[in-house]
$ cat entry_19.cif   # mmCIF, C-alpha atoms
data_entry
#
loop_
_atom_site.label_atom_id
_atom_site.label_comp_id
_atom_site.auth_asym_id
_atom_site.auth_seq_id
_atom_site.Cartn_x
_atom_site.Cartn_y
_atom_site.Cartn_z
CA MET A 1 -3.76 12.25 -2.00
CA ARG A 2 -4.03 8.54 -2.77
CA LYS A 3 -1.71 9.06 -5.73
CA LEU A 4 1.00 10.32 -3.40
CA PHE A 5 0.35 7.43 -1.04
CA THR A 6 0.71 4.83 -3.73
CA ILE A 7 3.97 6.03 -5.22
CA VAL A 8 5.56 6.34 -1.80
CA SER A 9 4.33 2.87 -0.88
CA LEU A 10 5.98 1.37 -3.92
CA VAL A 11 9.25 3.24 -3.73
CA LEU A 12 9.88 2.57 -0.08
CA LEU A 13 8.49 -0.88 0.48
CA SER A 14 9.09 -2.84 -2.69
CA GLY A 15 12.66 -3.96 -1.99
CA ALA A 16 13.46 -7.63 -1.54
CA VAL A 17 13.33 -7.45 2.24
CA HIS A 18 13.50 -10.54 4.37
CA ALA A 19 12.72 -9.35 7.87
CA ALA A 20 11.72 -12.65 9.37
CA SER A 21 15.02 -13.21 11.12
CA MET A 22 16.35 -12.97 14.63
CA ASP A 23 18.39 -9.89 13.59
CA GLU A 24 15.36 -8.06 12.29
CA PRO A 25 16.19 -4.39 11.57
CA ALA A 26 14.19 -1.57 13.10
CA PRO A 27 11.34 -0.29 10.90
CA ASP A 28 13.16 2.90 9.88
CA VAL A 29 16.32 0.98 9.05
CA LEU A 30 14.28 -1.53 7.09
CA VAL A 31 12.73 1.25 5.02
CA GLN A 32 16.02 3.09 4.58
CA GLN A 33 17.78 -0.03 3.36
CA THR A 34 15.21 -0.62 0.64
CA VAL A 35 15.08 2.91 -0.76
CA GLN A 36 18.31 2.94 -2.73
CA GLU A 37 17.90 -0.65 -3.84
CA VAL A 38 14.48 0.00 -5.32
CA LEU A 39 15.53 3.25 -6.98
CA ASP A 40 18.51 1.48 -8.51
CA ILE A 41 16.27 -1.28 -9.89
CA VAL A 42 13.96 1.24 -11.54
CA LYS A 43 16.84 3.29 -12.95
CA LYS A 44 18.49 0.22 -14.43
CA ASP A 45 15.25 -1.08 -15.93
CA SER A 46 12.97 1.91 -16.47
CA ALA A 47 11.00 -0.06 -19.06
CA VAL A 48 9.17 -1.80 -16.24
CA LEU A 49 7.25 1.41 -15.63
CA SER A 50 5.64 1.33 -19.06
CA ASN A 51 4.90 -2.41 -19.12
CA GLU A 52 1.78 -3.12 -17.09
CA THR A 53 2.36 -6.86 -16.92
CA ARG A 54 5.87 -6.47 -15.55
CA LEU A 55 4.71 -3.73 -13.21
CA ASN A 56 1.98 -5.99 -11.86
CA GLU A 57 4.59 -8.68 -11.29
CA LEU A 58 6.79 -6.19 -9.45
CA VAL A 59 3.91 -5.16 -7.20
CA ASP A 60 2.89 -8.73 -6.46
CA ALA A 61 6.43 -9.85 -5.70
CA LYS A 62 7.82 -6.85 -3.84
CA VAL A 63 4.98 -4.74 -2.43
CA VAL A 64 2.21 -7.11 -1.40
CA PRO A 65 4.35 -9.07 1.09
CA HIS A 66 5.08 -5.91 3.08
CA PHE A 67 1.49 -4.80 3.67
CA ASP A 68 -0.87 -6.28 6.24
CA PHE A 69 -3.97 -6.20 4.05
CA THR A 70 -6.11 -8.07 6.55
CA ARG A 71 -5.43 -5.50 9.25
CA MET A 72 -5.95 -2.66 6.78
CA THR A 73 -9.29 -4.14 5.71
CA LYS A 74 -10.45 -4.55 9.32
CA LEU A 75 -9.58 -0.93 10.07
CA ALA A 76 -11.18 0.38 6.88
CA VAL A 77 -14.42 -1.58 7.31
CA GLY A 78 -14.66 -0.63 10.99
CA LYS A 79 -17.21 -2.08 13.39
CA ALA A 80 -19.08 -3.85 10.59
CA TRP A 81 -16.12 -6.22 10.31
CA ARG A 82 -17.01 -7.81 13.65
CA THR A 83 -20.53 -8.72 12.52
CA ALA A 84 -19.57 -9.83 9.02
CA THR A 85 -19.56 -13.56 8.31
CA PRO A 86 -16.22 -15.30 7.64
CA GLU A 87 -17.19 -15.49 3.97
CA GLN A 88 -17.91 -11.75 3.88
CA GLN A 89 -14.65 -10.98 5.64
CA GLN A 90 -12.74 -13.06 3.13
CA ALA A 91 -14.47 -11.33 0.22
CA LEU A 92 -13.84 -7.87 1.69
CA ASN A 93 -10.17 -8.62 2.25
CA SER A 94 -9.75 -10.04 -1.24
CA GLU A 95 -11.48 -7.21 -3.08
CA PHE A 96 -9.85 -4.45 -1.01
CA ARG A 97 -6.46 -5.99 -1.64
CA VAL A 98 -7.12 -6.08 -5.40
CA LEU A 99 -8.24 -2.45 -5.27
CA LEU A 100 -5.08 -1.32 -3.51
CA VAL A 101 -2.74 -3.33 -5.72
CA ARG A 102 -4.39 -1.99 -8.87
CA THR A 103 -4.08 1.53 -7.52
CA TYR A 104 -0.37 1.04 -6.85
CA THR A 105 0.18 -0.26 -10.35
CA LYS A 106 -1.77 2.53 -12.01
CA VAL A 107 -0.09 5.36 -10.17
CA PHE A 108 3.46 4.07 -10.01
CA THR A 109 4.44 5.97 -13.16
CA ALA A 110 3.03 9.29 -11.94
CA TYR A 111 6.19 10.45 -10.14
CA ARG A 112 9.77 9.80 -11.12
CA ASP A 113 13.02 9.99 -9.14
CA PRO A 114 11.63 10.97 -5.73
CA GLN A 115 14.14 12.10 -3.10
CA VAL A 116 13.48 10.28 0.14
CA THR A 117 14.54 11.12 3.68
CA VAL A 118 13.77 8.66 6.45
CA LYS A 119 13.83 10.11 9.95
CA PRO A 120 15.78 8.02 12.49
CA MET A 121 13.73 6.56 15.32
CA GLN A 122 14.01 4.42 18.42
CA VAL A 123 11.83 1.33 18.77
CA ALA A 124 11.65 -0.63 22.01
CA PRO A 125 12.38 -4.36 21.59
CA GLU A 126 8.91 -5.22 22.89
CA ALA A 127 7.10 -2.67 20.70
CA LYS A 128 4.39 -4.08 18.47
CA ASP A 129 3.63 -0.92 16.46
CA ALA A 130 5.85 1.86 15.17
CA THR A 131 5.55 4.99 13.06
CA VAL A 132 8.18 5.61 10.39
CA LYS A 133 8.32 9.25 9.31
CA LEU A 134 9.50 10.27 5.88
CA LEU A 135 9.93 13.32 3.73
CA ILE A 136 9.43 12.82 -0.01
CA LYS A 137 10.55 15.47 -2.49
CA ILE A 138 8.97 14.85 -5.89
CA SER A 139 9.88 16.20 -9.31
CA ASP A 140 7.54 19.20 -9.22
CA GLY A 141 9.33 20.53 -6.16
CA ARG A 142 6.76 19.57 -3.53
CA THR A 143 7.84 17.98 -0.28
CA VAL A 144 5.35 15.54 1.17
CA LYS A 145 5.26 14.30 4.76
CA ILE A 146 4.49 10.62 5.10
CA ASP A 147 3.89 8.50 8.20
CA TYR A 148 3.97 4.73 7.85
CA GLU A 149 2.12 2.90 10.59
CA MET A 150 3.82 -0.46 10.89
CA GLY A 151 3.13 -3.44 13.08
CA ARG A 152 4.88 -6.69 13.85
CA ALA A 153 3.44 -9.53 11.83
CA GLY A 154 5.20 -12.71 12.83
CA LEU A 155 8.87 -11.77 13.06
CA GLY A 156 8.70 -8.99 10.48
CA TRP A 157 7.20 -5.51 10.15
CA LYS A 158 4.28 -4.75 7.85
CA VAL A 159 2.38 -1.59 6.95
CA PHE A 160 -1.21 -1.29 8.14
CA ASP A 161 -1.84 2.40 7.43
CA VAL A 162 -0.24 5.36 5.69
CA THR A 163 -0.81 9.00 6.56
CA VAL A 164 -0.06 11.56 3.85
CA GLU A 165 0.08 15.18 5.03
CA GLY A 166 -2.09 14.28 8.01
CA ILE A 167 -4.67 12.29 6.05
CA SER A 168 -4.92 8.58 6.89
CA LEU A 169 -5.51 6.21 3.99
CA VAL A 170 -7.45 3.79 6.18
CA SER A 171 -9.59 6.56 7.67
CA SER A 172 -10.30 7.88 4.19
CA TYR A 173 -11.60 4.52 3.02
CA ARG A 174 -13.46 3.96 6.30
CA GLY A 175 -15.67 6.96 5.55
CA SER A 176 -16.72 5.79 2.09
CA PHE A 177 -16.99 2.17 3.20
CA GLY A 178 -19.17 3.18 6.16
CA ASP A 179 -21.54 5.11 3.91
CA GLU A 180 -21.89 2.15 1.57
CA ILE A 181 -22.47 -0.30 4.42
CA GLN A 182 -25.08 1.97 5.95
CA GLN A 183 -26.99 2.16 2.68
CA ASN A 184 -26.54 -1.34 1.28
CA GLY A 185 -24.97 -3.49 3.98
CA VAL A 186 -21.73 -5.46 3.89
CA ASP A 187 -22.83 -7.32 0.77
CA GLY A 188 -23.40 -3.96 -0.89
CA LEU A 189 -19.82 -2.93 -0.15
CA ILE A 190 -18.49 -6.22 -1.48
CA LYS A 191 -20.52 -5.76 -4.66
CA LYS A 192 -19.26 -2.20 -5.11
CA LEU A 193 -15.62 -3.20 -4.65
CA THR A 194 -16.05 -6.13 -7.03
CA GLU A 195 -17.60 -3.89 -9.69
CA MET A 196 -14.82 -1.32 -9.30
CA ASN A 197 -12.15 -3.99 -9.71
CA ARG A 198 -13.92 -5.53 -12.68
CA ALA A 199 -14.27 -2.14 -14.39
CA ALA A 200 -10.58 -1.41 -13.79
CA LEU A 201 -9.62 -4.76 -15.33
CA VAL A 202 -11.76 -4.14 -18.41
CA SER A 203 -10.27 -0.69 -18.85
CA SER A 204 -6.76 -2.09 -18.49
CA ASN A 205 -7.39 -4.79 -21.07
CA LYS A 206 -8.77 -2.26 -23.56
CA LYS A 207 -5.70 -0.06 -23.17
CA ALA A 208 -3.42 -3.05 -23.66
CA GLN A 209 -5.25 -4.08 -26.84
CA ALA A 210 -5.07 -0.54 -28.20
CA LYS A 211 -1.28 -0.49 -28.04
#
$ encode --input "entry_19.cif" --output "structure tokens"
Amino acid sequence: MRKLFTIVSLVLLSGAVHAASMDEPAPDVLVQQTVQEVLDIVKKDSAVLSNETRLNELVDAKVVPHFDFTRMTKLAVGKAWRTATPEQQQALNSEFRVLLVRTYTKVFTAYRDPQVTVKPMQVAPEAKDATVKLLIKISDGRTVKIDYEMGRAGLGWKVFDVTVEGISLVSSYRGSFGDEIQQNGVDGLIKKLTEMNRAALVSSNKKAQAK
């Protein structure tokens, strides 16, 4: 399920979007405008998919700015966030962000040439949150329903949760995070996330050296 989430996240939200303007497009329009642009970039330079360094650069430049990682971390950690120290909150946000970015990079090559349909929607001018609904048809013939939960962050829109076929990414992490916090506290969760990210980096470096 997280594999489907990650590829959709990259395809739909990695365009060079500059929403911080007075003529800010609606969330669905914003997503729709980026789809073809991103697909064109990948088609013109497919080598980026097999070059981890370039793929990391693509994620950092195009994906990260369009996700509200702080809000995602708060939601995933749950009530323990409120009692965590500022230092713990910063560490949680940093490690969770690294985890998500690494996941995007790893899975981006899993699905090629997805067909994307963005459902039109109406968003009130004063609305602070919105749900963008999409249908993604992937190469094996499956059609996946995706809901992007987006919120205003400054003058732009950013993603704070993704629901794939009814399963929320944030809720999914909240369960595992809650179990870890219950057993080992907030510091235990930070340690676990740090170890996961470190192991992923070591594995990535080994693969790069083997090529």
$ closest_residue --input "entry_19.cif" --among "A:Leu75, A:Leu99, A:Val164, A:Val170" --to "Glu195 (chain A)" --atoms "only C-alpha atoms"
A:Leu99
$ atom_distance --input "entry_19.cif" --atom1 "CA of Pro86 (chain A)" --atom2 "CA of Ala130 (chain A)"
29.0 Å
$ atom_distance --input "entry_19.cif" --atom1 "CA of Met72 (chain A)" --atom2 "CA of Ser139 (chain A)"
29.4 Å
$ atom_distance --input "entry_19.cif" --atom1 "CA of Glu126 (chain A)" --atom2 "CA of Lys158 (chain A)"
15.7 Å
$ closest_residue --input "entry_19.cif" --among "A:Leu30, A:Val59, A:Leu193, A:Leu49" --to "Arg102 (chain A)" --atoms "all atoms listed in the file"
A:Val59
$ resolve_selection --input "entry_19.cif" --expression "the PyMOL selection byres ((chain A and resi 192) around 12)" --output "ChimeraX atom specification"
/A:91-92,95-96,99,176-177,179-181,183-191,193-199
$ write_last_selection --input "entry_19.cif" --atoms "C-alpha atoms" --output "compact mmCIF listing (two decimals), in the frame of the given file"
# COMPACT_ATOMS: atom_id res chain seq x y z
CA ALA A 91 -14.47 -11.33 0.22
CA LEU A 92 -13.84 -7.87 1.69
CA GLU A 95 -11.48 -7.21 -3.08
CA PHE A 96 -9.85 -4.45 -1.01
CA LEU A 99 -8.24 -2.45 -5.27
CA SER A 176 -16.72 5.79 2.09
CA PHE A 177 -16.99 2.17 3.20
CA ASP A 179 -21.54 5.11 3.91
CA GLU A 180 -21.89 2.15 1.57
CA ILE A 181 -22.47 -0.30 4.42
CA GLN A 183 -26.99 2.16 2.68
CA ASN A 184 -26.54 -1.34 1.28
CA GLY A 185 -24.97 -3.49 3.98
CA VAL A 186 -21.73 -5.46 3.89
CA ASP A 187 -22.83 -7.32 0.77
CA GLY A 188 -23.40 -3.96 -0.89
CA LEU A 189 -19.82 -2.93 -0.15
CA ILE A 190 -18.49 -6.22 -1.48
CA LYS A 191 -20.52 -5.76 -4.66
CA LEU A 193 -15.62 -3.20 -4.65
CA THR A 194 -16.05 -6.13 -7.03
CA GLU A 195 -17.60 -3.89 -9.69
CA MET A 196 -14.82 -1.32 -9.30
CA ASN A 197 -12.15 -3.99 -9.71
CA ARG A 198 -13.92 -5.53 -12.68
CA ALA A 199 -14.27 -2.14 -14.39
$ closest_residue --input "entry_19.cif" --among "A:Lys137, A:Arg71, A:Lys206, A:Lys43" --to "Gln89 (chain A)" --atoms "all atoms listed in the file"
A:Arg71
$ closest_residue --input "entry_19.cif" --among "A:Ser94, A:Gln182, A:Thr70, A:Gln115" --to "Gly141 (chain A)" --atoms "all atoms listed in the file"
A:Gln115
$ resolve_selection --input "entry_19.cif" --expression "the PyMOL selection byres ((chain A and resi 120) around 8)" --output "list of chain:residue names"
A:Asp28, A:Val29, A:Val118, A:Lys119, A:Met121, A:Gln122
$ resolve_selection --input "entry_19.cif" --expression "the PyMOL selection byres ((chain A and resi 66) around 7)" --output "PyMOL selection string"
chain A and resi 13+63-65+67-68+158-159
$ closest_residue --input "entry_19.cif" --among "A:Leu55, A:Arg97, A:Gly178, A:Ile136" --to "Ala80 (chain A)" --atoms "all atoms listed in the file"
A:Gly178
$ decode --input "entry_19.cif" --residues "region 44-119 of chain A" --atoms "C-alpha atoms" --output "mmCIF file, in the first residue's frame"
data_model
loop_
_atom_site.group_PDB
_atom_site.id
_atom_site.type_symbol
_atom_site.label_atom_id
_atom_site.label_comp_id
_atom_site.auth_asym_id
_atom_site.auth_seq_id
_atom_site.Cartn_x
_atom_site.Cartn_y
_atom_site.Cartn_z
ATOM 1 C CA LYS A 44 12.300 12.982 -21.781
ATOM 2 C CA ASP A 45 14.890 11.924 -19.211
ATOM 3 C CA SER A 46 14.045 8.391 -18.125
ATOM 4 C CA ALA A 47 17.627 7.887 -16.953
ATOM 5 C CA VAL A 48 16.773 9.784 -13.789
ATOM 6 C CA LEU A 49 14.825 6.757 -12.611
ATOM 7 C CA SER A 50 17.904 4.547 -12.547
ATOM 8 C CA ASN A 51 20.263 7.121 -11.029
ATOM 9 C CA GLU A 52 19.704 7.294 -7.280
ATOM 10 C CA THR A 53 21.617 10.536 -6.830
ATOM 11 C CA ARG A 54 19.605 12.347 -9.474
ATOM 12 C CA LEU A 55 16.402 10.810 -8.173
ATOM 13 C CA ASN A 56 17.196 12.052 -4.675
ATOM 14 C CA GLU A 57 17.783 15.507 -6.104
ATOM 15 C CA LEU A 58 14.444 15.348 -7.907
ATOM 16 C CA VAL A 59 12.646 14.377 -4.708
ATOM 17 C CA ASP A 60 14.342 17.074 -2.652
ATOM 18 C CA ALA A 61 13.670 19.791 -5.210
ATOM 19 C CA LYS A 62 10.191 18.906 -6.404
ATOM 20 C CA VAL A 63 8.423 16.723 -3.838
ATOM 21 C CA VAL A 64 9.545 17.873 -0.413
ATOM 22 C CA PRO A 65 8.283 21.460 -0.827
ATOM 23 C CA HIS A 66 4.733 20.226 -1.432
ATOM 24 C CA PHE A 67 4.347 18.130 1.709
ATOM 25 C CA ASP A 68 3.659 19.477 5.187
ATOM 26 C CA PHE A 69 5.961 17.085 7.024
ATOM 27 C CA THR A 70 5.504 18.801 10.367
ATOM 28 C CA ARG A 71 1.741 18.342 10.239
ATOM 29 C CA MET A 72 2.155 14.770 9.025
ATOM 30 C CA THR A 73 4.525 14.015 11.908
ATOM 31 C CA LYS A 74 2.144 15.520 14.475
ATOM 32 C CA LEU A 75 -0.719 13.417 13.148
ATOM 33 C CA ALA A 76 1.362 10.239 12.958
ATOM 34 C CA VAL A 77 2.809 10.600 16.468
ATOM 35 C CA GLY A 78 -0.594 11.470 17.930
ATOM 36 C CA LYS A 79 -1.130 12.634 21.494
ATOM 37 C CA ALA A 80 2.482 11.929 22.445
ATOM 38 C CA TRP A 81 3.481 14.887 20.287
ATOM 39 C CA ARG A 82 1.944 17.303 22.799
ATOM 40 C CA THR A 83 4.076 16.004 25.672
ATOM 41 C CA ALA A 84 7.289 15.649 23.677
ATOM 42 C CA THR A 85 10.003 18.231 24.280
ATOM 43 C CA PRO A 86 10.871 20.681 21.473
ATOM 44 C CA GLU A 87 14.078 18.714 20.907
ATOM 45 C CA GLN A 88 12.125 15.451 20.608
ATOM 46 C CA GLN A 89 9.629 17.050 18.246
ATOM 47 C CA GLN A 90 12.432 18.306 16.045
ATOM 48 C CA ALA A 91 14.070 14.881 15.995
ATOM 49 C CA LEU A 92 10.781 13.131 15.198
ATOM 50 C CA ASN A 93 10.032 15.524 12.368
ATOM 51 C CA SER A 94 13.524 15.191 10.930
ATOM 52 C CA GLU A 95 13.688 11.394 11.046
ATOM 53 C CA PHE A 96 10.127 10.903 9.774
ATOM 54 C CA ARG A 97 10.836 13.236 6.888
ATOM 55 C CA VAL A 98 13.981 11.283 5.985
ATOM 56 C CA LEU A 99 12.004 8.038 6.162
ATOM 57 C CA LEU A 100 9.319 9.309 3.803
ATOM 58 C CA VAL A 101 11.757 10.834 1.332
ATOM 59 C CA ARG A 102 13.805 7.640 1.205
ATOM 60 C CA THR A 103 10.639 5.653 0.631
ATOM 61 C CA TYR A 104 9.644 7.913 -2.265
ATOM 62 C CA THR A 105 13.051 7.532 -3.850
ATOM 63 C CA LYS A 106 13.134 3.759 -3.457
ATOM 64 C CA VAL A 107 9.701 3.115 -4.881
ATOM 65 C CA PHE A 108 9.603 5.701 -7.647
ATOM 66 C CA THR A 109 10.793 3.170 -10.228
ATOM 67 C CA ALA A 110 8.190 0.557 -9.287
ATOM 68 C CA TYR A 111 5.457 1.816 -11.633
ATOM 69 C CA ARG A 112 5.888 3.380 -15.041
ATOM 70 C CA ASP A 113 3.558 5.521 -17.157
ATOM 71 C CA PRO A 114 0.575 5.753 -14.795
ATOM 72 C CA GLN A 115 -2.663 7.152 -16.233
ATOM 73 C CA VAL A 116 -4.023 9.799 -13.918
ATOM 74 C CA THR A 117 -7.526 11.232 -13.635
ATOM 75 C CA VAL A 118 -8.126 14.109 -11.247
ATOM 76 C CA LYS A 119 -11.744 14.632 -10.248
#
